[in-house]
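Text of work.txt (compact mmCIF, C-alpha atoms) as supplied:
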# COMPACT_ATOMS: atom_id res chain seq x y z
CA MET A 1 -342.03 -75.84 -134.94
CA LEU A 2 -342.98 -79.46 -135.49
CA CYS A 3 -346.62 -78.79 -134.54
CA SER A 4 -346.82 -75.88 -136.97
CA LYS A 5 -345.81 -78.22 -139.81
CA MET A 6 -348.27 -81.00 -138.98
CA GLU A 7 -352.00 -81.06 -139.60
CA ARG A 8 -354.28 -82.61 -136.98
CA LEU A 9 -356.93 -84.90 -138.46
CA ILE A 10 -359.99 -86.40 -136.81
CA VAL A 11 -361.43 -89.23 -138.89
CA LYS A 12 -364.31 -91.64 -138.37
CA LYS A 13 -364.02 -95.41 -138.36
CA LYS A 14 -363.81 -96.78 -141.95
CA ALA A 15 -362.65 -93.43 -143.40
CA LEU A 16 -360.01 -93.76 -146.14
CA LEU A 17 -356.79 -91.74 -145.83
CA LEU A 18 -355.46 -93.13 -149.11
CA GLU A 19 -356.92 -94.93 -152.16
CA PRO A 20 -355.32 -96.54 -155.22
CA GLY A 21 -354.66 -93.99 -157.96
CA LYS A 22 -354.20 -91.13 -155.47
CA MET A 23 -350.89 -89.68 -154.29
CA CYS A 24 -350.04 -90.42 -150.67
CA LYS A 25 -350.16 -87.00 -148.99
CA GLY A 26 -347.38 -87.62 -146.50
CA ASN A 27 -346.53 -89.48 -143.32
CA TYR A 28 -349.35 -90.05 -140.82
CA PHE A 29 -348.61 -90.30 -137.10
CA VAL A 30 -351.30 -92.09 -135.07
CA LEU A 31 -352.22 -90.19 -131.87
CA ASN A 32 -355.31 -92.26 -131.07
CA GLY A 33 -356.93 -95.19 -132.81
CA CYS A 34 -355.82 -97.79 -135.28
CA VAL A 35 -355.40 -97.83 -139.06
CA ARG A 36 -354.54 -100.47 -141.64
CA GLN A 37 -352.77 -100.36 -145.00
CA TYR A 38 -353.98 -102.90 -147.56
CA ILE A 39 -354.00 -103.78 -151.23
CA ILE A 40 -356.58 -105.54 -153.39
CA THR A 41 -354.79 -108.54 -154.89
CA ASN A 42 -355.15 -110.10 -158.35
CA LYS A 43 -357.51 -112.57 -156.72
CA LEU A 44 -359.65 -109.61 -155.54
CA THR A 45 -358.96 -110.28 -151.88
CA GLU A 46 -357.80 -107.69 -149.33
CA GLN A 47 -354.17 -108.21 -148.35
CA ILE A 48 -353.19 -106.21 -145.26
CA THR A 49 -349.58 -105.06 -145.43
CA GLN A 50 -349.36 -102.98 -142.27
CA PHE A 51 -351.22 -101.80 -139.20
CA GLY A 52 -350.69 -98.48 -137.44
CA LEU A 53 -351.37 -98.05 -133.71
CA GLU A 54 -350.78 -95.15 -131.32
CA SER A 55 -347.30 -93.59 -131.81
CA TRP A 56 -346.70 -95.46 -135.08
CA TRP A 57 -346.11 -93.76 -138.43
CA ILE A 58 -347.90 -95.03 -141.50
CA ALA A 59 -347.64 -94.04 -145.17
CA ASP A 60 -347.22 -95.53 -148.61
CA GLN A 61 -343.47 -94.98 -148.82
CA GLU A 62 -343.45 -96.18 -152.43
CA SER A 63 -345.84 -93.41 -153.49
CA LEU A 64 -343.84 -90.86 -151.49
CA VAL A 65 -340.35 -91.82 -152.65
CA ASN A 66 -341.28 -92.28 -156.32
CA GLN A 67 -343.86 -89.46 -156.36
CA LYS A 68 -346.36 -91.67 -158.13
CA PRO A 69 -349.96 -92.69 -157.41
CA SER A 70 -350.45 -95.36 -154.79
CA ASN A 71 -351.62 -98.97 -155.14
CA TYR A 72 -352.74 -99.07 -151.52
CA TYR A 73 -355.63 -98.18 -149.28
CA ILE A 74 -355.03 -96.72 -145.81
CA GLN A 75 -358.18 -96.94 -143.70
CA ALA A 76 -359.17 -96.07 -140.13
CA LEU A 77 -360.24 -99.19 -138.21
CA GLU A 78 -361.51 -97.05 -135.31
CA ASP A 79 -362.33 -93.36 -134.87
CA CYS A 80 -358.83 -91.86 -135.12
CA GLU A 81 -356.85 -88.77 -134.25
CA LEU A 82 -353.82 -88.39 -136.51
CA LEU A 83 -351.09 -85.94 -137.42
CA LEU A 84 -350.21 -85.54 -141.11
CA LEU A 85 -346.75 -84.36 -142.08
CA SER A 86 -347.19 -83.48 -145.76
CA GLU A 87 -344.31 -84.00 -148.17
CA ALA A 88 -344.00 -80.24 -148.73
CA ASN A 89 -343.80 -79.57 -144.99
CA ARG A 90 -341.41 -82.47 -144.47
CA VAL A 91 -338.94 -80.87 -146.89
CA ILE A 92 -339.24 -77.51 -145.10
CA LEU A 93 -338.91 -79.16 -141.69
CA PHE A 94 -335.79 -81.11 -142.65
CA GLY A 95 -334.22 -77.86 -143.86
CA GLN A 96 -334.99 -76.13 -140.56
CA VAL A 97 -334.26 -79.06 -138.23
CA PRO A 98 -331.64 -81.51 -139.60
CA LYS A 99 -332.23 -83.77 -136.57
CA MET A 100 -335.67 -84.55 -138.04
CA GLU A 101 -333.97 -86.02 -141.09
CA SER A 102 -331.95 -88.30 -138.76
CA TYR A 103 -335.19 -89.22 -137.01
CA PHE A 104 -336.83 -90.25 -140.28
CA ARG A 105 -333.71 -92.12 -141.45
CA ILE A 106 -333.74 -94.18 -138.23
CA MET A 107 -337.52 -94.66 -138.44
CA MET A 108 -337.13 -96.04 -141.99
CA GLN A 109 -334.19 -98.21 -140.88
CA LYS A 110 -336.33 -99.73 -138.10
CA ALA A 111 -339.28 -100.20 -140.47
CA PHE A 112 -336.94 -102.01 -142.90
CA VAL A 113 -335.67 -104.28 -140.12
CA ALA A 114 -339.25 -105.07 -139.04
CA VAL A 115 -340.40 -106.04 -142.52
CA GLN A 116 -337.22 -108.03 -143.19
CA ARG A 117 -337.88 -109.99 -139.98
CA ARG A 118 -341.43 -110.54 -141.23
CA VAL A 119 -340.01 -112.13 -144.41
CA GLY A 120 -337.91 -114.42 -142.22
CA PHE A 121 -340.96 -115.51 -140.22
CA MET A 122 -342.96 -116.14 -143.38
CA LEU A 123 -340.24 -118.36 -144.79
CA ASN A 124 -339.28 -120.20 -141.60
CA MET A 125 -342.32 -120.50 -139.36
CA ASN A 126 -345.48 -122.46 -140.02
CA ASP A 127 -348.86 -120.75 -139.61
CA GLU A 128 -349.26 -121.74 -135.97
CA GLU A 129 -345.73 -120.65 -134.97
CA ARG A 130 -346.29 -117.33 -136.73
CA TYR A 131 -349.58 -116.75 -134.95
CA ARG A 132 -348.11 -117.60 -131.51
CA TYR A 133 -345.12 -115.36 -132.10
CA PHE A 134 -347.28 -112.43 -133.17
CA VAL A 135 -349.57 -112.84 -130.14
CA SER A 136 -346.53 -112.91 -127.84
CA LEU A 137 -345.22 -109.66 -129.40
CA TYR A 138 -348.53 -107.76 -129.48
CA PRO A 139 -351.01 -109.33 -127.01
CA GLY A 140 -353.29 -106.27 -126.76
CA PHE A 141 -353.36 -105.79 -130.50
CA VAL A 142 -354.80 -109.26 -131.12
CA GLN A 143 -357.87 -108.34 -129.03
CA ARG A 144 -358.35 -105.04 -130.83
CA VAL A 145 -358.35 -106.00 -134.49
CA PRO A 146 -360.98 -108.17 -136.24
CA GLN A 147 -359.68 -111.72 -136.56
CA TYR A 148 -360.07 -111.89 -140.33
CA MET A 149 -357.78 -108.87 -140.64
CA LEU A 150 -355.13 -110.48 -138.47
CA ALA A 151 -355.40 -113.60 -140.65
CA SER A 152 -354.91 -111.43 -143.76
CA PHE A 153 -351.82 -109.77 -142.26
CA LEU A 154 -350.28 -113.06 -141.16
CA GLY A 155 -351.07 -114.70 -144.50
CA PHE A 156 -353.46 -117.45 -143.56
CA THR A 157 -357.15 -118.18 -144.01
CA PRO A 158 -359.88 -117.09 -141.58
CA GLN A 159 -360.72 -120.82 -141.28
CA PHE A 160 -357.21 -121.58 -139.98
CA MET A 161 -357.53 -118.63 -137.60
CA SER A 162 -360.81 -120.03 -136.19
CA ARG A 163 -359.22 -123.45 -135.67
CA ILE A 164 -356.16 -122.10 -133.89
CA ARG A 165 -358.25 -119.86 -131.62
CA ALA A 166 -360.54 -122.80 -130.78
CA LYS A 167 -357.43 -124.45 -129.33
CA LYS A 168 -357.30 -121.50 -126.89
CA VAL A 169 -353.80 -120.56 -127.94
CA MET B 1 -314.36 -86.40 -148.54
CA LEU B 2 -316.52 -89.47 -149.07
CA CYS B 3 -313.52 -91.53 -150.25
CA SER B 4 -311.52 -90.54 -147.17
CA LYS B 5 -314.27 -91.95 -144.95
CA MET B 6 -314.63 -95.29 -146.76
CA GLU B 7 -312.31 -98.27 -146.64
CA ARG B 8 -311.66 -100.24 -149.84
CA LEU B 9 -311.81 -104.01 -149.33
CA ILE B 10 -310.72 -106.78 -151.69
CA VAL B 11 -312.13 -110.13 -150.61
CA LYS B 12 -311.98 -113.62 -152.07
CA LYS B 13 -314.98 -115.71 -153.03
CA LYS B 14 -316.55 -117.32 -149.94
CA ALA B 15 -315.00 -114.79 -147.53
CA LEU B 16 -317.30 -113.76 -144.67
CA LEU B 17 -317.87 -110.04 -144.06
CA LEU B 18 -320.17 -110.75 -141.11
CA GLU B 19 -320.92 -113.73 -138.85
CA PRO B 20 -323.54 -114.33 -136.13
CA GLY B 21 -322.41 -112.99 -132.77
CA LYS B 22 -320.27 -110.24 -134.35
CA MET B 23 -321.22 -106.57 -134.70
CA CYS B 24 -321.90 -105.45 -138.25
CA LYS B 25 -319.06 -103.01 -139.00
CA GLY B 26 -321.06 -100.66 -141.19
CA ASN B 27 -322.62 -100.34 -144.62
CA TYR B 28 -320.89 -102.13 -147.51
CA PHE B 29 -321.11 -100.77 -151.06
CA VAL B 30 -320.44 -103.33 -153.78
CA LEU B 31 -318.04 -102.02 -156.46
CA ASN B 32 -317.46 -105.39 -158.14
CA GLY B 33 -318.78 -108.83 -157.44
CA CYS B 34 -321.75 -110.25 -155.63
CA VAL B 35 -322.51 -110.96 -151.97
CA ARG B 36 -325.35 -112.60 -150.08
CA GLN B 37 -326.83 -112.11 -146.63
CA TYR B 38 -328.24 -115.23 -144.97
CA ILE B 39 -329.32 -116.74 -141.69
CA ILE B 40 -329.19 -120.30 -140.38
CA THR B 41 -332.78 -121.20 -139.52
CA ASN B 42 -334.12 -123.32 -136.64
CA LYS B 43 -334.24 -126.17 -139.15
CA LEU B 44 -330.49 -125.66 -139.77
CA THR B 45 -330.99 -124.58 -143.37
CA GLU B 46 -329.51 -121.48 -144.99
CA GLN B 47 -332.16 -118.82 -145.63
CA ILE B 48 -330.94 -116.06 -147.95
CA THR B 49 -332.48 -112.72 -147.04
CA GLN B 50 -330.70 -110.45 -149.50
CA PHE B 51 -328.24 -110.31 -152.37
CA GLY B 52 -325.88 -107.43 -153.12
CA LEU B 53 -324.69 -106.69 -156.65
CA GLU B 54 -322.61 -103.85 -158.12
CA SER B 55 -323.78 -100.44 -156.81
CA TRP B 56 -325.97 -101.98 -154.08
CA TRP B 57 -325.50 -101.35 -150.37
CA ILE B 58 -325.63 -104.28 -147.98
CA ALA B 59 -325.51 -104.44 -144.17
CA ASP B 60 -327.31 -105.94 -141.22
CA GLN B 61 -329.38 -102.85 -140.42
CA GLU B 62 -330.72 -104.52 -137.27
CA SER B 63 -327.22 -104.89 -135.82
CA LEU B 64 -326.38 -101.30 -136.84
CA VAL B 65 -329.52 -99.59 -135.54
CA ASN B 66 -329.70 -101.52 -132.27
CA GLN B 67 -325.91 -101.73 -131.79
CA LYS B 68 -326.12 -105.42 -131.00
CA PRO B 69 -324.44 -108.54 -132.39
CA SER B 70 -325.80 -109.85 -135.66
CA ASN B 71 -327.77 -113.03 -136.39
CA TYR B 72 -326.67 -112.98 -140.03
CA TYR B 73 -323.85 -114.01 -142.31
CA ILE B 74 -322.74 -111.76 -145.16
CA GLN B 75 -320.59 -113.69 -147.63
CA ALA B 76 -318.85 -112.97 -150.93
CA LEU B 77 -320.24 -115.17 -153.71
CA GLU B 78 -317.47 -114.05 -156.10
CA ASP B 79 -314.13 -112.29 -155.65
CA CYS B 80 -315.34 -108.83 -154.59
CA GLU B 81 -314.23 -105.22 -154.37
CA LEU B 82 -316.20 -103.32 -151.73
CA LEU B 83 -316.28 -100.02 -149.89
CA LEU B 84 -316.99 -100.09 -146.16
CA LEU B 85 -318.51 -97.04 -144.49
CA SER B 86 -318.00 -97.79 -140.79
CA GLU B 87 -320.56 -96.59 -138.27
CA ALA B 88 -318.03 -94.21 -136.70
CA ASN B 89 -317.20 -92.67 -140.07
CA ARG B 90 -320.87 -92.52 -141.06
CA VAL B 91 -321.59 -90.35 -138.01
CA ILE B 92 -318.67 -88.03 -138.88
CA LEU B 93 -319.71 -87.90 -142.54
CA PHE B 94 -323.34 -87.02 -141.76
CA GLY B 95 -322.09 -84.19 -139.55
CA GLN B 96 -319.88 -82.84 -142.35
CA VAL B 97 -322.28 -83.47 -145.26
CA PRO B 98 -325.97 -83.37 -144.27
CA LYS B 99 -326.91 -84.41 -147.84
CA MET B 100 -325.43 -87.83 -147.05
CA GLU B 101 -328.00 -88.27 -144.32
CA SER B 102 -330.74 -87.55 -146.90
CA TYR B 103 -329.11 -90.07 -149.22
CA PHE B 104 -329.18 -92.78 -146.55
CA ARG B 105 -332.75 -91.90 -145.55
CA ILE B 106 -333.89 -92.33 -149.15
CA MET B 107 -331.79 -95.51 -149.53
CA MET B 108 -333.51 -96.99 -146.46
CA GLN B 109 -336.91 -95.85 -147.73
CA LYS B 110 -336.30 -97.65 -151.06
CA ALA B 111 -335.03 -100.76 -149.27
CA PHE B 112 -338.19 -100.75 -147.13
CA VAL B 113 -340.38 -100.47 -150.25
CA ALA B 114 -338.50 -103.34 -151.92
CA VAL B 115 -338.87 -105.70 -148.98
CA GLN B 116 -342.52 -104.72 -148.47
CA ARG B 117 -343.17 -105.59 -152.13
CA ARG B 118 -341.41 -108.89 -151.52
CA VAL B 119 -343.88 -109.64 -148.71
CA GLY B 120 -346.72 -108.91 -151.16
CA PHE B 121 -345.27 -111.33 -153.72
CA MET B 122 -344.82 -114.03 -151.10
CA LEU B 123 -348.43 -113.74 -150.00
CA ASN B 124 -350.05 -113.31 -153.40
CA MET B 125 -348.00 -115.18 -155.99
CA ASN B 126 -347.48 -118.91 -156.23
CA ASP B 127 -343.93 -120.28 -156.62
CA GLU B 128 -343.99 -120.25 -160.41
CA GLU B 129 -345.38 -116.70 -160.66
CA ARG B 130 -342.75 -115.52 -158.17
CA TYR B 131 -339.94 -117.15 -160.13
CA ARG B 132 -341.13 -115.70 -163.47
CA TYR B 133 -341.48 -112.25 -161.97
CA PHE B 134 -338.01 -112.35 -160.44
CA VAL B 135 -336.46 -113.51 -163.72
CA SER B 136 -338.21 -110.68 -165.58
CA LEU B 137 -336.83 -108.12 -163.11
CA TYR B 138 -333.25 -109.45 -162.91
CA PRO B 139 -332.49 -111.62 -165.99
CA GLY B 140 -328.70 -111.37 -165.70
CA PHE B 141 -328.73 -112.11 -162.01
CA VAL B 142 -330.45 -115.47 -162.48
CA GLN B 143 -327.52 -116.64 -164.62
CA ARG B 144 -324.96 -115.43 -162.11
CA VAL B 145 -326.12 -116.99 -158.85
CA PRO B 146 -326.22 -120.73 -158.04
CA GLN B 147 -329.75 -122.02 -158.52
CA TYR B 148 -330.08 -123.40 -155.00
CA MET B 149 -329.36 -119.93 -153.63
CA LEU B 150 -332.03 -118.37 -155.79
CA ALA B 151 -334.45 -121.05 -154.56
CA SER B 152 -333.53 -120.16 -150.97
CA PHE B 153 -334.13 -116.46 -151.58
CA LEU B 154 -337.47 -117.03 -153.32
CA GLY B 155 -338.56 -119.49 -150.64
CA PHE B 156 -338.94 -122.72 -152.54
CA THR B 157 -337.13 -126.03 -152.75
CA PRO B 158 -334.23 -126.77 -155.14
CA GLN B 159 -336.44 -129.60 -156.50
CA PHE B 160 -339.13 -127.13 -157.51
CA MET B 161 -336.45 -124.93 -159.07
CA SER B 162 -335.20 -127.87 -161.18
CA ARG B 163 -338.70 -128.65 -162.36
CA ILE B 164 -339.49 -125.09 -163.35
CA ARG B 165 -336.19 -124.69 -165.21
CA ALA B 166 -336.78 -127.99 -167.04
CA LYS B 167 -339.88 -126.29 -168.48
CA LYS B 168 -337.47 -123.75 -170.07
CA VAL B 169 -339.20 -120.83 -168.38
Would you mind giving the structure from this file in structure tokens?
Amino acid sequence: MLCSKMERLIVKKKALLLEPGKMCKGNYFVLNGCVRQYIITNKLTEQITQFGLESWWIADQESLVNQKPSNYYIQALEDCELLLLSEANRVILFGQVPKMESYFRIMMQKAFVAVQRRVGFMLNMNDEERYRYFVSLYPGFVQRVPQYMLASFLGFTPQFMSRIRAKKV
Amino acid sequence: MLCSKMERLIVKKKALLLEPGKMCKGNYFVLNGCVRQYIITNKLTEQITQFGLESWWIADQESLVNQKPSNYYIQALEDCELLLLSEANRVILFGQVPKMESYFRIMMQKAFVAVQRRVGFMLNMNDEERYRYFVSLYPGFVQRVPQYMLASFLGFTPQFMSRIRAKKV
């Protein structure tokens, strides 16, 4: 039943799943590959807000919950295989399988906890502590993603990232 | 049915609803008053992670979702009237009224969006921009909460807060 409600997508590296001004189509589940969500700031730089790896969900929840056009990009960083649960199908699915609504409630609760912890790290760790902590949590991820993107996500400059990596952290 | 599942609490200013090492009892709904959620950092300072005003929910979602003791304090900043939906009663309620599960899913989705936007502001606005933006969103709130707490929430020093207020922002 779940499979019948989800659309399988094969996208090439650099393909955009979402652009500013467009509605987010639904929740994407990453089967293979890696995606990023980012915004272009007032200073015209890319600010990465989220990554999505295998078995992670990614979406612009603000566009979905408020049914308004997005401010974000979602882009494939590698060739990707994804499942899209559209908003229309999500509503049908929740009606048919109430457990799926519980699943999404808990998924959102965990996503909230993760981003709230991120706020704590931003306020209470310096750049080096934040980098070390992230590497300890996601060692494989650090090898997989371009360094300037990791710097953008963690909120420091590519120059700082080069320095800290030169120390063989 | 909802009322029968929620416990009405009257607490005095400065009372603690949650302390580190204790399990969060459930979700608190603020009827009257104002509460704050905070953590004691490695540097032994108070870091405020969230405020709760009238009609806002507040809880340590990490303690609730992982069923583990909290790292946070939740404290009344004024004499407060609250409703507590315990975890046991929440489970019963969701079984009886599936719409309540939708309500909590959407509540968590909105909370996620709010904290994700906060990350964006922290990365892309300087202290003064962040203060002005917060004041424009919640003008009444800024009058109601001690200035050093607002500084803690926004991530800058009380000294900076004094300087910016001296400019009659």
Pull out every residue of chain A sitting within 7 Å of chain B, counting all atoms listed in the file, and send them as a PDB file with C-alpha atoms, in the frame of the given file.
ATOM      1  CA  THR A  41    -354.790-108.540-154.890  1.00  0.00           C
ATOM      2  CA  GLN A  61    -343.470 -94.980-148.820  1.00  0.00           C
ATOM      3  CA  GLU A  62    -343.450 -96.180-152.430  1.00  0.00           C
ATOM      4  CA  GLU A 101    -333.970 -86.020-141.090  1.00  0.00           C
ATOM      5  CA  SER A 102    -331.950 -88.300-138.760  1.00  0.00           C
ATOM      6  CA  PHE A 104    -336.830 -90.250-140.280  1.00  0.00           C
ATOM      7  CA  ARG A 105    -333.710 -92.120-141.450  1.00  0.00           C
ATOM      8  CA  MET A 108    -337.130 -96.040-141.990  1.00  0.00           C
ATOM      9  CA  GLN A 109    -334.190 -98.210-140.880  1.00  0.00           C
ATOM     10  CA  ALA A 111    -339.280-100.200-140.470  1.00  0.00           C
ATOM     11  CA  PHE A 112    -336.940-102.010-142.900  1.00  0.00           C
ATOM     12  CA  VAL A 113    -335.670-104.280-140.120  1.00  0.00           C
ATOM     13  CA  VAL A 115    -340.400-106.040-142.520  1.00  0.00           C
ATOM     14  CA  GLN A 116    -337.220-108.030-143.190  1.00  0.00           C
ATOM     15  CA  VAL A 119    -340.010-112.130-144.410  1.00  0.00           C
ATOM     16  CA  LEU A 123    -340.240-118.360-144.790  1.00  0.00           C
ATOM     17  CA  ASN A 124    -339.280-120.200-141.600  1.00  0.00           C
ATOM     18  CA  GLY A 155    -351.070-114.700-144.500  1.00  0.00           C
TER      19      GLY A 155
END
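Counting from atom CA of Lys14 of chain A, the distance to atom CA of Tyr73 of chain A is 11.1 Å.
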Gln147 of chain A surroundings by only C-alpha atoms, 12 Å radius, close-in-sequence under 3 positions cut, as an mmCIF file with C-alpha atoms, in the frame of the given file:
data_model
loop_
_atom_site.group_PDB
_atom_site.id
_atom_site.type_symbol
_atom_site.label_atom_id
_atom_site.label_comp_id
_atom_site.auth_asym_id
_atom_site.auth_seq_id
_atom_site.Cartn_x
_atom_site.Cartn_y
_atom_site.Cartn_z
ATOM 1 C CA TYR A 131 -349.580 -116.750 -134.950
ATOM 2 C CA PHE A 141 -353.360 -105.790 -130.500
ATOM 3 C CA VAL A 142 -354.800 -109.260 -131.120
ATOM 4 C CA GLN A 143 -357.870 -108.340 -129.030
ATOM 5 C CA ARG A 144 -358.350 -105.040 -130.830
ATOM 6 C CA LEU A 150 -355.130 -110.480 -138.470
ATOM 7 C CA ALA A 151 -355.400 -113.600 -140.650
ATOM 8 C CA SER A 152 -354.910 -111.430 -143.760
ATOM 9 C CA PHE A 153 -351.820 -109.770 -142.260
ATOM 10 C CA LEU A 154 -350.280 -113.060 -141.160
ATOM 11 C CA PHE A 156 -353.460 -117.450 -143.560
ATOM 12 C CA THR A 157 -357.150 -118.180 -144.010
ATOM 13 C CA PRO A 158 -359.880 -117.090 -141.580
ATOM 14 C CA GLN A 159 -360.720 -120.820 -141.280
ATOM 15 C CA PHE A 160 -357.210 -121.580 -139.980
ATOM 16 C CA MET A 161 -357.530 -118.630 -137.600
ATOM 17 C CA SER A 162 -360.810 -120.030 -136.190
ATOM 18 C CA ARG A 163 -359.220 -123.450 -135.670
ATOM 19 C CA ILE A 164 -356.160 -122.100 -133.890
ATOM 20 C CA ARG A 165 -358.250 -119.860 -131.620
#
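Pairwise distance (atom CA of Gln37 of chain B, atom CA of Trp56 of chain B) equals 12.6 Å.
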(message) Could you tell me how far atom CA of Asn27 of chain A sits from atom CA of Gly52 of chain A, in Å to one decimal place?
(response) 11.5 Å
Which centre and which edge lengths, in Å to one decimal, describe the axis-aligned box that holds all listed atoms of segment 99-116 of chain B after 8 Å is added on each side, as AutoDock Vina command-line options?
--center_x -334.0 --center_y -95.1 --center_z -148.1 --size_x 33.1 --size_y 37.3 --size_z 23.6
(message) Can you tell me which residues surround Glu78 of chain A at a distance of at most 8 Å, considering all atoms listed in the file, apart from same-chain residues fewer than 3 positions away, and format the answer as a PyMOL selection string?
(response) chain A and resi 12-14+33-35
(message) Which residues are near Leu18 of chain B? Cut-off 7 Å, all atoms listed in the file, ignore same chain within fewer than 4 positions. Put them as a list in words.
(response) Lys22, Cys24, Tyr72, Tyr73 and Ile74 of chain B
Got a moment to write segment 112-134 of chain B out with N, CA and C atoms, as a compact mmCIF listing (two decimals), in the first residue's frame?
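For reference, result.txt as written:
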# COMPACT_ATOMS: atom_id res chain seq x y z
N PHE B 112 9.33 22.49 14.19
CA PHE B 112 10.54 22.20 13.41
C PHE B 112 10.86 23.38 12.49
N VAL B 113 9.84 23.87 11.79
CA VAL B 113 10.03 25.00 10.87
C VAL B 113 10.55 26.22 11.64
N ALA B 114 9.98 26.48 12.81
CA ALA B 114 10.39 27.65 13.60
C ALA B 114 11.85 27.55 14.01
N VAL B 115 12.27 26.38 14.46
CA VAL B 115 13.65 26.26 14.95
C VAL B 115 14.63 26.21 13.77
N GLN B 116 14.17 25.69 12.63
CA GLN B 116 15.03 25.72 11.44
C GLN B 116 15.22 27.16 10.95
N ARG B 117 14.17 27.97 11.03
CA ARG B 117 14.30 29.39 10.68
C ARG B 117 15.26 30.08 11.64
N ARG B 118 15.18 29.68 12.91
CA ARG B 118 16.09 30.26 13.91
C ARG B 118 17.55 29.99 13.54
N VAL B 119 17.83 28.76 13.09
CA VAL B 119 19.19 28.43 12.64
C VAL B 119 19.60 29.36 11.51
N GLY B 120 18.69 29.59 10.56
CA GLY B 120 18.98 30.49 9.44
C GLY B 120 19.32 31.89 9.93
N PHE B 121 18.56 32.39 10.90
CA PHE B 121 18.82 33.74 11.42
C PHE B 121 20.18 33.79 12.13
N MET B 122 20.49 32.72 12.85
CA MET B 122 21.76 32.70 13.59
C MET B 122 22.94 32.72 12.63
N LEU B 123 22.78 32.06 11.49
CA LEU B 123 23.89 31.97 10.55
C LEU B 123 23.99 33.20 9.65
N ASN B 124 22.86 33.88 9.43
CA ASN B 124 22.84 34.90 8.37
C ASN B 124 22.56 36.31 8.83
N MET B 125 22.21 36.49 10.10
CA MET B 125 21.97 37.84 10.60
C MET B 125 23.01 38.15 11.66
N ASN B 126 23.45 39.41 11.71
CA ASN B 126 24.31 39.79 12.83
C ASN B 126 23.43 40.05 14.06
N ASP B 127 24.05 40.32 15.21
CA ASP B 127 23.31 40.43 16.47
C ASP B 127 22.22 41.49 16.39
N GLU B 128 22.55 42.63 15.79
CA GLU B 128 21.58 43.72 15.75
C GLU B 128 20.39 43.37 14.85
N GLU B 129 20.67 42.79 13.68
CA GLU B 129 19.59 42.37 12.78
C GLU B 129 18.68 41.36 13.47
N ARG B 130 19.32 40.42 14.20
CA ARG B 130 18.54 39.37 14.87
C ARG B 130 17.65 39.98 15.95
N TYR B 131 18.17 40.94 16.69
CA TYR B 131 17.38 41.58 17.74
C TYR B 131 16.20 42.34 17.13
N ARG B 132 16.47 43.13 16.07
CA ARG B 132 15.40 43.91 15.44
C ARG B 132 14.32 43.01 14.89
N TYR B 133 14.73 41.90 14.29
CA TYR B 133 13.77 40.98 13.70
C TYR B 133 12.89 40.37 14.79
N PHE B 134 13.51 39.96 15.88
CA PHE B 134 12.77 39.35 16.98
C PHE B 134 11.77 40.34 17.58
